[in-house]
Each structure stands twice: as C-alpha cells, then as structure tokens.
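start.pdb (PDB, C-alpha atoms)
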```pdb
ATOM      1  CA  MET A   1     104.420 101.118 112.271  1.00  0.00           C
ATOM      2  CA  THR A   2     104.709 102.235 108.657  1.00  0.00           C
ATOM      3  CA  ARG A   3     102.779 100.190 106.118  1.00  0.00           C
ATOM      4  CA  ILE A   4     103.356  99.912 102.353  1.00  0.00           C
ATOM      5  CA  ASP A   5     100.583  98.982  99.906  1.00  0.00           C
ATOM      6  CA  GLU A   6     100.467  99.100  96.116  1.00  0.00           C
ATOM      7  CA  ILE A   7      97.195 100.894  95.346  1.00  0.00           C
ATOM      8  CA  ALA A   8      97.634 101.061  91.542  1.00  0.00           C
ATOM      9  CA  ASN A   9     100.258  99.873  89.073  1.00  0.00           C
ATOM     10  CA  ASN A  10     103.605 100.953  90.604  1.00  0.00           C
ATOM     11  CA  ILE A  11     101.894 103.505  92.866  1.00  0.00           C
ATOM     12  CA  PHE A  12     102.639 102.748  96.501  1.00  0.00           C
ATOM     13  CA  ARG A  13     100.895 104.140  99.567  1.00  0.00           C
ATOM     14  CA  ILE A  14     103.238 104.614 102.545  1.00  0.00           C
ATOM     15  CA  SER A  15     101.181 105.054 105.703  1.00  0.00           C
ATOM     16  CA  THR A  16     102.023 105.758 109.338  1.00  0.00           C
ATOM     17  CA  TYR A  17      99.323 105.947 112.007  1.00  0.00           C
ATOM     18  CA  PHE A  18      99.670 108.401 114.884  1.00  0.00           C
ATOM     19  CA  ALA A  19      97.369 107.448 117.747  1.00  0.00           C
ATOM     20  CA  ASP A  20      97.669 110.883 119.383  1.00  0.00           C
ATOM     21  CA  PHE A  21      95.845 112.374 116.396  1.00  0.00           C
ATOM     22  CA  ASN A  22      93.879 109.219 115.477  1.00  0.00           C
ATOM     23  CA  LEU A  23      95.116 109.908 111.971  1.00  0.00           C
ATOM     24  CA  GLN A  24      97.125 108.237 109.258  1.00  0.00           C
ATOM     25  CA  PHE A  25      99.756 110.264 107.421  1.00  0.00           C
ATOM     26  CA  ASN A  26     100.229 108.923 103.898  1.00  0.00           C
ATOM     27  CA  GLN A  27     102.808 109.481 101.210  1.00  0.00           C
ATOM     28  CA  PHE A  28     102.637 108.095  97.670  1.00  0.00           C
ATOM     29  CA  LEU A  29     105.645 106.796  95.774  1.00  0.00           C
ATOM     30  CA  ILE A  30     105.448 106.266  92.021  1.00  0.00           C
ATOM     31  CA  ARG A  31     108.101 103.798  90.865  1.00  0.00           C
ATOM     32  CA  ASP A  32     109.122 104.659  87.321  1.00  0.00           C
ATOM     33  CA  ASP A  33     112.056 105.677  85.127  1.00  0.00           C
ATOM     34  CA  GLU A  34     111.991 108.951  87.043  1.00  0.00           C
ATOM     35  CA  SER A  35     110.351 108.102  90.358  1.00  0.00           C
ATOM     36  CA  LEU A  36     108.134 110.602  92.122  1.00  0.00           C
ATOM     37  CA  LEU A  37     107.195 111.025  95.781  1.00  0.00           C
ATOM     38  CA  PHE A  38     103.960 112.883  96.481  1.00  0.00           C
ATOM     39  CA  GLU A  39     103.931 114.394  99.990  1.00  0.00           C
ATOM     40  CA  THR A  40     106.876 113.932 102.316  1.00  0.00           C
ATOM     41  CA  GLY A  41     105.390 113.845 105.785  1.00  0.00           C
ATOM     42  CA  MET A  42     106.656 116.008 108.623  1.00  0.00           C
ATOM     43  CA  LYS A  43     110.383 116.456 109.083  1.00  0.00           C
ATOM     44  CA  GLY A  44     110.375 114.072 112.045  1.00  0.00           C
ATOM     45  CA  MET A  45     108.869 111.346 109.837  1.00  0.00           C
ATOM     46  CA  PHE A  46     111.761 111.434 107.371  1.00  0.00           C
ATOM     47  CA  PRO A  47     113.588 108.332 108.717  1.00  0.00           C
ATOM     48  CA  LEU A  48     110.364 106.285 108.589  1.00  0.00           C
ATOM     49  CA  VAL A  49     109.455 107.375 105.069  1.00  0.00           C
ATOM     50  CA  ARG A  50     113.021 106.985 103.793  1.00  0.00           C
ATOM     51  CA  GLU A  51     113.124 103.419 105.136  1.00  0.00           C
ATOM     52  CA  ALA A  52     109.818 102.610 103.438  1.00  0.00           C
ATOM     53  CA  VAL A  53     110.942 104.142 100.148  1.00  0.00           C
ATOM     54  CA  SER A  54     114.161 102.110 100.313  1.00  0.00           C
ATOM     55  CA  LYS A  55     112.085  98.919 100.170  1.00  0.00           C
ATOM     56  CA  ILE A  56     110.734  99.996  96.769  1.00  0.00           C
ATOM     57  CA  ILE A  57     113.503 102.055  95.104  1.00  0.00           C
ATOM     58  CA  ASP A  58     116.924 103.424  95.919  1.00  0.00           C
ATOM     59  CA  PRO A  59     115.957 106.677  97.726  1.00  0.00           C
ATOM     60  CA  ALA A  60     118.933 108.482  96.187  1.00  0.00           C
ATOM     61  CA  SER A  61     117.472 107.851  92.717  1.00  0.00           C
ATOM     62  CA  LEU A  62     114.304 109.831  93.432  1.00  0.00           C
ATOM     63  CA  ARG A  63     113.683 112.341  90.634  1.00  0.00           C
ATOM     64  CA  TYR A  64     110.669 114.371  91.802  1.00  0.00           C
ATOM     65  CA  VAL A  65     109.268 115.441  95.177  1.00  0.00           C
ATOM     66  CA  ALA A  66     105.762 116.854  94.773  1.00  0.00           C
ATOM     67  CA  PHE A  67     103.105 118.112  97.176  1.00  0.00           C
ATOM     68  CA  SER A  68      99.811 119.955  97.178  1.00  0.00           C
ATOM     69  CA  HIS A  69     100.624 123.018  99.295  1.00  0.00           C
ATOM     70  CA  PHE A  70     102.997 124.360 101.926  1.00  0.00           C
ATOM     71  CA  GLU A  71     102.306 122.547 105.201  1.00  0.00           C
ATOM     72  CA  PRO A  72     104.486 120.312 107.418  1.00  0.00           C
ATOM     73  CA  ASP A  73     102.765 117.035 106.532  1.00  0.00           C
ATOM     74  CA  GLU A  74     102.927 117.944 102.832  1.00  0.00           C
ATOM     75  CA  CYS A  75     106.551 119.022 102.499  1.00  0.00           C
ATOM     76  CA  GLY A  76     108.159 119.171 105.949  1.00  0.00           C
ATOM     77  CA  SER A  77     111.100 116.973 104.967  1.00  0.00           C
ATOM     78  CA  LEU A  78     111.565 118.400 101.462  1.00  0.00           C
ATOM     79  CA  ASN A  79     115.123 119.550 102.126  1.00  0.00           C
ATOM     80  CA  ASP A  80     116.045 116.139 103.565  1.00  0.00           C
ATOM     81  CA  TRP A  81     114.943 114.534 100.294  1.00  0.00           C
ATOM     82  CA  LEU A  82     116.777 117.113  98.213  1.00  0.00           C
ATOM     83  CA  ALA A  83     119.943 116.383 100.209  1.00  0.00           C
ATOM     84  CA  LEU A  84     119.545 112.614  99.867  1.00  0.00           C
ATOM     85  CA  ALA A  85     118.651 112.509  96.163  1.00  0.00           C
ATOM     86  CA  PRO A  86     121.007 114.724  94.117  1.00  0.00           C
ATOM     87  CA  ARG A  87     118.762 114.743  91.013  1.00  0.00           C
ATOM     88  CA  ALA A  88     115.525 115.337  92.907  1.00  0.00           C
ATOM     89  CA  GLU A  89     113.467 118.353  91.900  1.00  0.00           C
ATOM     90  CA  ALA A  90     110.543 119.794  93.852  1.00  0.00           C
ATOM     91  CA  LEU A  91     107.258 120.071  91.934  1.00  0.00           C
ATOM     92  CA  THR A  92     104.681 122.592  93.070  1.00  0.00           C
ATOM     93  CA  SER A  93     102.443 125.270  91.622  1.00  0.00           C
ATOM     94  CA  ILE A  94     103.814 128.455  90.118  1.00  0.00           C
ATOM     95  CA  VAL A  95     102.570 130.265  93.223  1.00  0.00           C
ATOM     96  CA  GLY A  96     104.100 127.665  95.546  1.00  0.00           C
ATOM     97  CA  ALA A  97     107.503 128.036  93.918  1.00  0.00           C
ATOM     98  CA  MET A  98     107.287 131.811  94.172  1.00  0.00           C
ATOM     99  CA  VAL A  99     106.034 132.216  97.738  1.00  0.00           C
ATOM    100  CA  PHE A 100     107.854 129.366  99.499  1.00  0.00           C
ATOM    101  CA  VAL A 101     109.964 126.767  97.797  1.00  0.00           C
ATOM    102  CA  ASN A 102     112.399 128.951  95.902  1.00  0.00           C
ATOM    103  CA  ASP A 103     113.239 130.689  99.172  1.00  0.00           C
ATOM    104  CA  GLY A 104     112.882 127.905 101.737  1.00  0.00           C
ATOM    105  CA  ALA A 105     114.283 124.934  99.837  1.00  0.00           C
ATOM    106  CA  THR A 106     117.906 124.158  99.093  1.00  0.00           C
ATOM    107  CA  ARG A 107     117.198 123.943  95.343  1.00  0.00           C
ATOM    108  CA  PRO A 108     114.666 125.816  93.201  1.00  0.00           C
ATOM    109  CA  ALA A 109     111.372 124.138  92.435  1.00  0.00           C
ATOM    110  CA  ARG A 110     109.753 123.517  89.092  1.00  0.00           C
ATOM    111  CA  GLY A 111     106.583 125.590  89.203  1.00  0.00           C
ATOM    112  CA  LEU A 112     103.730 123.962  87.283  1.00  0.00           C
ATOM    113  CA  ASN A 113     100.959 125.683  85.372  1.00  0.00           C
ATOM    114  CA  ASN A 114      97.409 124.373  85.443  1.00  0.00           C
ATOM    115  CA  ASP A 115      97.089 121.305  83.167  1.00  0.00           C
ATOM    116  CA  GLU A 116     100.861 121.057  82.695  1.00  0.00           C
ATOM    117  CA  ILE A 117     102.050 117.465  82.119  1.00  0.00           C
ATOM    118  CA  VAL A 118     104.905 115.715  83.905  1.00  0.00           C
ATOM    119  CA  GLN A 119     105.984 112.410  82.344  1.00  0.00           C
ATOM    120  CA  THR A 120     107.951 110.063  84.591  1.00  0.00           C
ATOM    121  CA  GLY A 121     108.197 107.144  82.164  1.00  0.00           C
ATOM    122  CA  SER A 122     105.118 104.952  81.980  1.00  0.00           C
ATOM    123  CA  HIS A 123     103.151 107.375  84.164  1.00  0.00           C
ATOM    124  CA  ARG A 124     101.767 110.708  83.004  1.00  0.00           C
ATOM    125  CA  PHE A 125     100.769 113.341  85.553  1.00  0.00           C
ATOM    126  CA  ARG A 126      98.475 116.302  84.909  1.00  0.00           C
ATOM    127  CA  PHE A 127      98.780 119.161  87.387  1.00  0.00           C
ATOM    128  CA  LYS A 128      95.552 120.816  88.489  1.00  0.00           C
ATOM    129  CA  ALA A 129      95.958 124.186  90.197  1.00  0.00           C
ATOM    130  CA  THR A 130      93.283 124.643  92.900  1.00  0.00           C
ATOM    131  CA  PRO A 131      93.942 127.819  94.919  1.00  0.00           C
ATOM    132  CA  HIS A 132      92.567 127.482  98.492  1.00  0.00           C
ATOM    133  CA  LEU A 133      91.463 123.881  97.901  1.00  0.00           C
ATOM    134  CA  PRO A 134      92.194 122.303 100.269  1.00  0.00           C
ATOM    135  CA  HIS A 135      94.126 125.119 101.942  1.00  0.00           C
ATOM    136  CA  GLY A 136      96.535 127.817 100.724  1.00  0.00           C
ATOM    137  CA  TRP A 137      96.608 129.796  97.503  1.00  0.00           C
ATOM    138  CA  ASP A 138      99.501 127.616  96.311  1.00  0.00           C
ATOM    139  CA  ALA A 139      97.420 124.414  96.354  1.00  0.00           C
ATOM    140  CA  GLY A 140      97.140 121.896  93.534  1.00  0.00           C
ATOM    141  CA  PHE A 141      96.877 118.177  92.777  1.00  0.00           C
ATOM    142  CA  LEU A 142      98.453 115.606  90.487  1.00  0.00           C
ATOM    143  CA  PHE A 143      96.277 113.297  88.402  1.00  0.00           C
ATOM    144  CA  GLU A 144      97.967 110.205  86.984  1.00  0.00           C
ATOM    145  CA  GLU A 145      96.302 109.667  83.644  1.00  0.00           C
ATOM    146  CA  THR A 146      97.273 106.048  82.885  1.00  0.00           C
ATOM    147  CA  THR A 147      95.863 104.586  86.115  1.00  0.00           C
ATOM    148  CA  LYS A 148      93.384 107.460  86.638  1.00  0.00           C
ATOM    149  CA  THR A 149      94.669 108.018  90.168  1.00  0.00           C
ATOM    150  CA  LEU A 150      94.066 111.414  91.764  1.00  0.00           C
ATOM    151  CA  LEU A 151      96.642 112.302  94.414  1.00  0.00           C
ATOM    152  CA  CYS A 152      94.184 114.427  96.357  1.00  0.00           C
ATOM    153  CA  SER A 153      95.948 115.532  99.551  1.00  0.00           C
ATOM    154  CA  ASP A 154      93.337 116.358 102.246  1.00  0.00           C
ATOM    155  CA  LEU A 155      90.292 115.858 100.037  1.00  0.00           C
ATOM    156  CA  LEU A 156      88.208 112.902 101.250  1.00  0.00           C
ATOM    157  CA  GLY A 157      90.516 112.663 104.283  1.00  0.00           C
ATOM    158  CA  HIS A 158      89.241 110.901 107.370  1.00  0.00           C
ATOM    159  CA  SER A 159      90.442 109.748 110.765  1.00  0.00           C
ATOM    160  CA  GLY A 160      91.175 106.290 112.144  1.00  0.00           C
ATOM    161  CA  ASP A 161      93.653 103.493 111.585  1.00  0.00           C
ATOM    162  CA  VAL A 162      91.888 102.274 108.478  1.00  0.00           C
ATOM    163  CA  SER A 163      92.551  99.926 105.560  1.00  0.00           C
ATOM    164  CA  ALA A 164      94.838 100.924 102.702  1.00  0.00           C
ATOM    165  CA  VAL A 165      91.989 100.970 100.172  1.00  0.00           C
ATOM    166  CA  THR A 166      88.216 101.002 100.378  1.00  0.00           C
ATOM    167  CA  ASP A 167      85.260 100.955  98.017  1.00  0.00           C
ATOM    168  CA  SER A 168      82.795 101.864 100.773  1.00  0.00           C
ATOM    169  CA  ASP A 169      81.338 105.199 101.837  1.00  0.00           C
ATOM    170  CA  VAL A 170      84.492 107.318 102.074  1.00  0.00           C
ATOM    171  CA  VAL A 171      82.384 110.494 101.868  1.00  0.00           C
ATOM    172  CA  GLY A 172      80.587 109.463 105.048  1.00  0.00           C
ATOM    173  CA  ARG A 173      83.940 109.076 106.766  1.00  0.00           C
ATOM    174  CA  PHE A 174      84.997 112.493 105.472  1.00  0.00           C
ATOM    175  CA  ARG A 175      81.755 114.047 106.705  1.00  0.00           C
ATOM    176  CA  ASP A 176      82.082 112.492 110.178  1.00  0.00           C
ATOM    177  CA  THR A 177      85.701 113.634 110.525  1.00  0.00           C
ATOM    178  CA  THR A 178      84.952 117.166 109.314  1.00  0.00           C
ATOM    179  CA  ASN A 179      81.918 117.438 111.587  1.00  0.00           C
ATOM    180  CA  GLY A 180      84.137 116.342 114.459  1.00  0.00           C
ATOM    181  CA  PHE A 181      86.332 119.386 113.931  1.00  0.00           C
ATOM    182  CA  GLN A 182      83.455 121.813 114.490  1.00  0.00           C
ATOM    183  CA  GLY A 183      83.752 123.858 117.663  1.00  0.00           C
ATOM    184  CA  GLY A 184      87.507 123.344 117.836  1.00  0.00           C
ATOM    185  CA  PRO A 185      90.610 124.974 116.380  1.00  0.00           C
ATOM    186  CA  LEU A 186      90.235 123.026 113.120  1.00  0.00           C
ATOM    187  CA  ALA A 187      86.608 124.019 112.568  1.00  0.00           C
ATOM    188  CA  TYR A 188      87.375 125.802 109.295  1.00  0.00           C
ATOM    189  CA  TYR A 189      90.450 123.896 108.214  1.00  0.00           C
ATOM    190  CA  MET A 190      89.215 123.992 104.603  1.00  0.00           C
ATOM    191  CA  PRO A 191      88.122 127.438 103.417  1.00  0.00           C
ATOM    192  CA  TYR A 192      84.962 127.461 101.336  1.00  0.00           C
ATOM    193  CA  THR A 193      85.367 130.061  98.595  1.00  0.00           C
ATOM    194  CA  PRO A 194      83.314 131.167  95.567  1.00  0.00           C
ATOM    195  CA  ARG A 195      85.550 128.878  93.469  1.00  0.00           C
ATOM    196  CA  THR A 196      85.363 125.736  95.604  1.00  0.00           C
ATOM    197  CA  GLU A 197      82.354 124.177  93.868  1.00  0.00           C
ATOM    198  CA  SER A 198      83.703 124.715  90.358  1.00  0.00           C
ATOM    199  CA  GLN A 199      87.142 123.411  91.340  1.00  0.00           C
ATOM    200  CA  ILE A 200      85.628 120.218  92.738  1.00  0.00           C
ATOM    201  CA  ARG A 201      83.539 119.771  89.572  1.00  0.00           C
ATOM    202  CA  GLU A 202      86.679 120.134  87.465  1.00  0.00           C
ATOM    203  CA  LEU A 203      88.493 117.489  89.507  1.00  0.00           C
ATOM    204  CA  ALA A 204      85.464 115.208  89.332  1.00  0.00           C
ATOM    205  CA  SER A 205      85.384 115.558  85.527  1.00  0.00           C
ATOM    206  CA  LEU A 206      88.699 113.693  85.445  1.00  0.00           C
ATOM    207  CA  LYS A 207      86.666 110.608  86.503  1.00  0.00           C
ATOM    208  CA  PRO A 208      89.353 109.146  88.785  1.00  0.00           C
ATOM    209  CA  ARG A 209      89.243 105.439  89.553  1.00  0.00           C
ATOM    210  CA  ALA A 210      91.313 105.958  92.695  1.00  0.00           C
ATOM    211  CA  CYS A 211      91.348 108.957  95.040  1.00  0.00           C
ATOM    212  CA  ALA A 212      94.533 108.741  97.096  1.00  0.00           C
ATOM    213  CA  THR A 213      93.975 110.878 100.174  1.00  0.00           C
ATOM    214  CA  MET A 214      96.753 111.834 102.571  1.00  0.00           C
ATOM    215  CA  HIS A 215      94.722 110.875 105.643  1.00  0.00           C
ATOM    216  CA  GLY A 216      92.814 107.601 105.535  1.00  0.00           C
ATOM    217  CA  SER A 217      91.974 104.933 102.980  1.00  0.00           C
ATOM    218  CA  THR A 218      92.443 105.390  99.251  1.00  0.00           C
ATOM    219  CA  PHE A 219      88.990 105.268  97.676  1.00  0.00           C
ATOM    220  CA  VAL A 220      88.715 102.936  94.685  1.00  0.00           C
ATOM    221  CA  GLY A 221      85.562 103.200  92.621  1.00  0.00           C
ATOM    222  CA  ASN A 222      83.493 106.019  91.156  1.00  0.00           C
ATOM    223  CA  GLY A 223      85.780 108.901  92.051  1.00  0.00           C
ATOM    224  CA  GLU A 224      83.652 111.397  90.131  1.00  0.00           C
ATOM    225  CA  LYS A 225      80.636 110.720  92.357  1.00  0.00           C
ATOM    226  CA  ALA A 226      82.751 110.620  95.517  1.00  0.00           C
ATOM    227  CA  LEU A 227      84.225 114.050  94.825  1.00  0.00           C
ATOM    228  CA  LEU A 228      80.864 115.596  93.920  1.00  0.00           C
ATOM    229  CA  ASP A 229      79.273 114.141  97.067  1.00  0.00           C
ATOM    230  CA  MET A 230      82.219 115.438  99.083  1.00  0.00           C
ATOM    231  CA  GLY A 231      81.560 118.878  97.618  1.00  0.00           C
ATOM    232  CA  VAL A 232      77.993 118.768  98.900  1.00  0.00           C
ATOM    233  CA  ALA A 233      79.235 117.825 102.364  1.00  0.00           C
ATOM    234  CA  MET A 234      81.804 120.623 102.333  1.00  0.00           C
ATOM    235  CA  LYS A 235      79.172 123.191 101.392  1.00  0.00           C
ATOM    236  CA  GLU A 236      76.867 122.008 104.184  1.00  0.00           C
ATOM    237  CA  ILE A 237      79.569 121.977 106.870  1.00  0.00           C
ATOM    238  CA  LEU A 238      82.023 124.661 105.774  1.00  0.00           C
ATOM    239  CA  GLY A 239      80.113 126.862 103.345  1.00  0.00           C
TER
END
```
Could you render the structure from this file as structure tokens?
Amino acid sequence: MTRIDEIANNIFRISTYFADFNLQFNQFLIRDDESLLFETGMKGMFPLVREAVSKIIDPASLRYVAFSHFEPDECGSLNDWLALAPRAEALTSIVGAMVFVNDGATRPARGLNNDEIVQTGSHRFRFKATPHLPHGWDAGFLFEETTKTLLCSDLLGHSGDVSAVTDSDVVGRFRDTTNGFQGGPLAYYMPYTPRTESQIRELASLKPRACATMHGSTFVGNGEKALLDMGVAMKEILG
C-alpha cells in the first residue's frame, strides 16, 4: 500500500513499503504554483506514485522532477514523468546533468550550482551540492527555506514499516540499519571521504526543522543535532 502524509505545509510524503527489503521508499511532492516531485522511485513504482500524486495535484501539471543522485530509487521513472508532464524539467546538479541526465533523459535537465535557488511559488529551495554524500559525485540535496525542510535522500535512512514522522531517536535507527549492512554487499553503501564531515556540518548549519529521508520516518525536531550525530555514527561505522 502507498501512504500519503503531509509532513510540512504543502509538502507531502508518498511512501510505499516493500517487505522483501523491509524498507520504505519515499517520494516528496511539493504542491505549489510550480509543483515539484523529489525522487521518483524505481521505474516499476511509477503507477503507484502517479496514482498518489493524482490525489494531490494533476500529475500532468508537474513542473519539476528533482533527485539527489543517479540511482533507480532516486530517478528510475524520470522519463515516465517527463512523458506525462509536458512542462516538467529535471533538476539535478551540474555534474548530474553532464554525466547522466542530458544523455539518458528525454529532455535536458537544469543543472544546479551549489546554493542556487529554485522558487516554486510559496516555497523556496536552496540546492546543496554534496559530491559522494550519500553516494555518487553528482549528489546533492534540496533545502526548503520557508518550512526549513531538508529533502535528504538516504541520510538518516532506516529500515522498517515505520510512521510517517517521528521526533524520537532517528539517529539510533540509522545506526542500527547501517550496522546491519556490515558484512554484506551494502557494507560500504555510503563512502566516507575527506569531505564528508564538512559537508554534514554545512547541511546541519541550515538548522532544518524536518529531515525528510527517502527510507523511513521524516524526523521533526532539532535537525542540526540529528545530522551532526549521524555524522559521528557514519565516521564510526564507515570511516
């Protein structure tokens, strides 16, 4: 089942739980003058996500499709959205546009520089380029400045069929999930680089009130502390 929850003003979490992975796959729809979808889900999820989006906006009116980095759960159905919504434009980093989207997508992407602003109407998004956090060199995040919501992809991600939002120990959940990957093929799913600590500090300095992770509950509370504590856990486990 796919669940829809409003986690901030006109920011909707669309979540589907896959028991085989014991993992939720979340997308975030921002309803605005120029609506934005952050993360698409895998290509096979497109009918589920499209149906959920249709309960909030006309899917064909979607203006932006954004994602953190090239990966199936981030942008697997990008071309389906571009076909459905004639005005839709992909948003990614400059590197992401260069190394993937402008070749693999049916329309060119808008490549964003670090700290570039995208205004969708009442919402204002700041793009933060974060190479190799959480994964590839094209990675980045969107921070919505009016609600102080960080769309943070795999950061703070955790397993389980969990609640839409939480104010409890999301870092503990992240630590348990990441520890559970050790010894398996996902042991080093997040590279720890010489820039990781400073990148996390920069994200934390935004002082988000909500950290909307792609896997698991959105954390609502002191996002600065949660991200800094997550950084400590990442260094211990992955560094």
Distance criterion (all atoms listed in the file): nearest to Leu155 (chain A) out of A:Thr213, A:Ser122, A:Thr92, A:Thr218: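 Looking only at the distances to Leu155 (chain A), the closest residue turns out to be A:Thr213.
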Within 7 Å of Ser205 (chain A) using all atoms listed in the file, minus same-chain residues under 3 positions, as JSON, numbers by chain: {"A": [201, 202, 224]}
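A straight line drawn from CA of Met1 (chain A) to CA of Ala88 (chain A) is 26.5 Å long.
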Contact residues around Gly140 (chain A) with all atoms listed in the file at 6 Å, ignoring same-chain residues under 5 positions, as an mmCIF file with C-alpha atoms, in the frame of the given file:
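Final output, saved to selection.cif:
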```cif
data_model
loop_
_atom_site.group_PDB
_atom_site.id
_atom_site.type_symbol
_atom_site.label_atom_id
_atom_site.label_comp_id
_atom_site.auth_asym_id
_atom_site.auth_seq_id
_atom_site.Cartn_x
_atom_site.Cartn_y
_atom_site.Cartn_z
ATOM 1 C CA SER A 68 99.811 119.955 97.178
ATOM 2 C CA LYS A 128 95.552 120.816 88.489
ATOM 3 C CA ALA A 129 95.958 124.186 90.197
ATOM 4 C CA THR A 130 93.283 124.643 92.900
#
```
Selection result of the PyMOL selection byres ((chain A and resi 136) around 10) on this file, as a list in words: Ser68, His69, Phe70, Glu71, Val95, Gly96, Thr130, Pro131, His132, Leu133, Pro134, His135, Trp137, Asp138, Ala139, Gly140, Met190 and Pro191 of chain A
Contacts of Pro108 (chain A) within 10 Å, only C-alpha atoms, excl. fewer than 3 positions in-chain, as a ChimeraX atom specification: /A:89-91,97-98,100-105,111
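Minimum atom-to-atom distances from A:Gln182, A:Thr120, A:Asn114, A:Ser153 to Tyr64 (chain A) were compared using all atoms listed in the file, and the lowest value belongs to A:Thr120.
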Listed atoms of region 62-71 of chain A boxed along x, y and z, 8 Å each side, centre and edge lengths in Å, one decimal, as AutoDock Vina command-line options:
```
--center_x 107.1 --center_y 117.1 --center_z 97.9 --size_x 30.5 --size_y 30.5 --size_z 30.6
```
Spatial sel., origin (104.2, 100.3, 109.5), limit 10 Å, only C-alpha atoms, listed as a count of residues only: 11
Among the residues A:Arg87, A:Pro185, A:Phe38, A:Phe12, the one that comes closest to Phe125 (chain A) [using only C-alpha atoms]: A:Phe38
Test item: residues at most 8 Å from Cys75 (chain A), all atoms listed in the file, excluding those fewer than 2 positions along its chain, as number ranges by chain: A: 39-42, 67, 69-73, 77-78
Selection file, C-alpha atoms, as a PDB file, in the frame of the given file:
```pdb
ATOM      1  CA  GLU A  39     103.931 114.394  99.990  1.00  0.00           C
ATOM      2  CA  THR A  40     106.876 113.932 102.316  1.00  0.00           C
ATOM      3  CA  GLY A  41     105.390 113.845 105.785  1.00  0.00           C
ATOM      4  CA  MET A  42     106.656 116.008 108.623  1.00  0.00           C
ATOM      5  CA  PHE A  67     103.105 118.112  97.176  1.00  0.00           C
ATOM      6  CA  HIS A  69     100.624 123.018  99.295  1.00  0.00           C
ATOM      7  CA  PHE A  70     102.997 124.360 101.926  1.00  0.00           C
ATOM      8  CA  GLU A  71     102.306 122.547 105.201  1.00  0.00           C
ATOM      9  CA  PRO A  72     104.486 120.312 107.418  1.00  0.00           C
ATOM     10  CA  ASP A  73     102.765 117.035 106.532  1.00  0.00           C
ATOM     11  CA  SER A  77     111.100 116.973 104.967  1.00  0.00           C
ATOM     12  CA  LEU A  78     111.565 118.400 101.462  1.00  0.00           C
TER      13      LEU A  78
END
```
Pairwise distance for CA of Asp80 (chain A) and CA of Phe25 (chain A), rounded to one decimal in Å: 17.7 Å
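With distances restricted to only C-alpha atoms, A:Gly172 is the closest residue to Phe219 (chain A) from A:Pro194, A:Gly172, A:Pro59, A:Gly183.
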Gap from CA of Leu37 (chain A) to CA of Ile7 (chain A) - Å, one decimal: 14.2 Å
Among listed residues A:Thr196, A:Ser93, A:Thr178, A:Gln119, nearest Asp33 (chain A) (using all atoms listed in the file):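 Smallest separation from Asp33 (chain A) among the options: A:Gln119.
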Given the file shown, enumerate the residues that the PyMOL selection byres ((chain A and resi 56) around 12) captures and present them as a PDB file with C-alpha atoms, keeping the file's coordinate frame.
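part16.pdb, written as the output of this step:
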```pdb
ATOM      1  CA  ILE A   4     103.356  99.912 102.353  1.00  0.00           C
ATOM      2  CA  ASP A   5     100.583  98.982  99.906  1.00  0.00           C
ATOM      3  CA  GLU A   6     100.467  99.100  96.116  1.00  0.00           C
ATOM      4  CA  ASN A  10     103.605 100.953  90.604  1.00  0.00           C
ATOM      5  CA  ILE A  11     101.894 103.505  92.866  1.00  0.00           C
ATOM      6  CA  PHE A  12     102.639 102.748  96.501  1.00  0.00           C
ATOM      7  CA  ARG A  13     100.895 104.140  99.567  1.00  0.00           C
ATOM      8  CA  ILE A  14     103.238 104.614 102.545  1.00  0.00           C
ATOM      9  CA  PHE A  28     102.637 108.095  97.670  1.00  0.00           C
ATOM     10  CA  LEU A  29     105.645 106.796  95.774  1.00  0.00           C
ATOM     11  CA  ILE A  30     105.448 106.266  92.021  1.00  0.00           C
ATOM     12  CA  ARG A  31     108.101 103.798  90.865  1.00  0.00           C
ATOM     13  CA  ASP A  32     109.122 104.659  87.321  1.00  0.00           C
ATOM     14  CA  SER A  35     110.351 108.102  90.358  1.00  0.00           C
ATOM     15  CA  LEU A  36     108.134 110.602  92.122  1.00  0.00           C
ATOM     16  CA  LEU A  37     107.195 111.025  95.781  1.00  0.00           C
ATOM     17  CA  VAL A  49     109.455 107.375 105.069  1.00  0.00           C
ATOM     18  CA  ARG A  50     113.021 106.985 103.793  1.00  0.00           C
ATOM     19  CA  GLU A  51     113.124 103.419 105.136  1.00  0.00           C
ATOM     20  CA  ALA A  52     109.818 102.610 103.438  1.00  0.00           C
ATOM     21  CA  VAL A  53     110.942 104.142 100.148  1.00  0.00           C
ATOM     22  CA  SER A  54     114.161 102.110 100.313  1.00  0.00           C
ATOM     23  CA  LYS A  55     112.085  98.919 100.170  1.00  0.00           C
ATOM     24  CA  ILE A  57     113.503 102.055  95.104  1.00  0.00           C
ATOM     25  CA  ASP A  58     116.924 103.424  95.919  1.00  0.00           C
ATOM     26  CA  PRO A  59     115.957 106.677  97.726  1.00  0.00           C
ATOM     27  CA  ALA A  60     118.933 108.482  96.187  1.00  0.00           C
ATOM     28  CA  SER A  61     117.472 107.851  92.717  1.00  0.00           C
ATOM     29  CA  LEU A  62     114.304 109.831  93.432  1.00  0.00           C
TER      30      LEU A  62
END
```
Among listed residues A:Lys235, A:His158, A:Lys225, A:Arg126, nearest Ala210 (chain A) (using all atoms listed in the file): A:Lys225
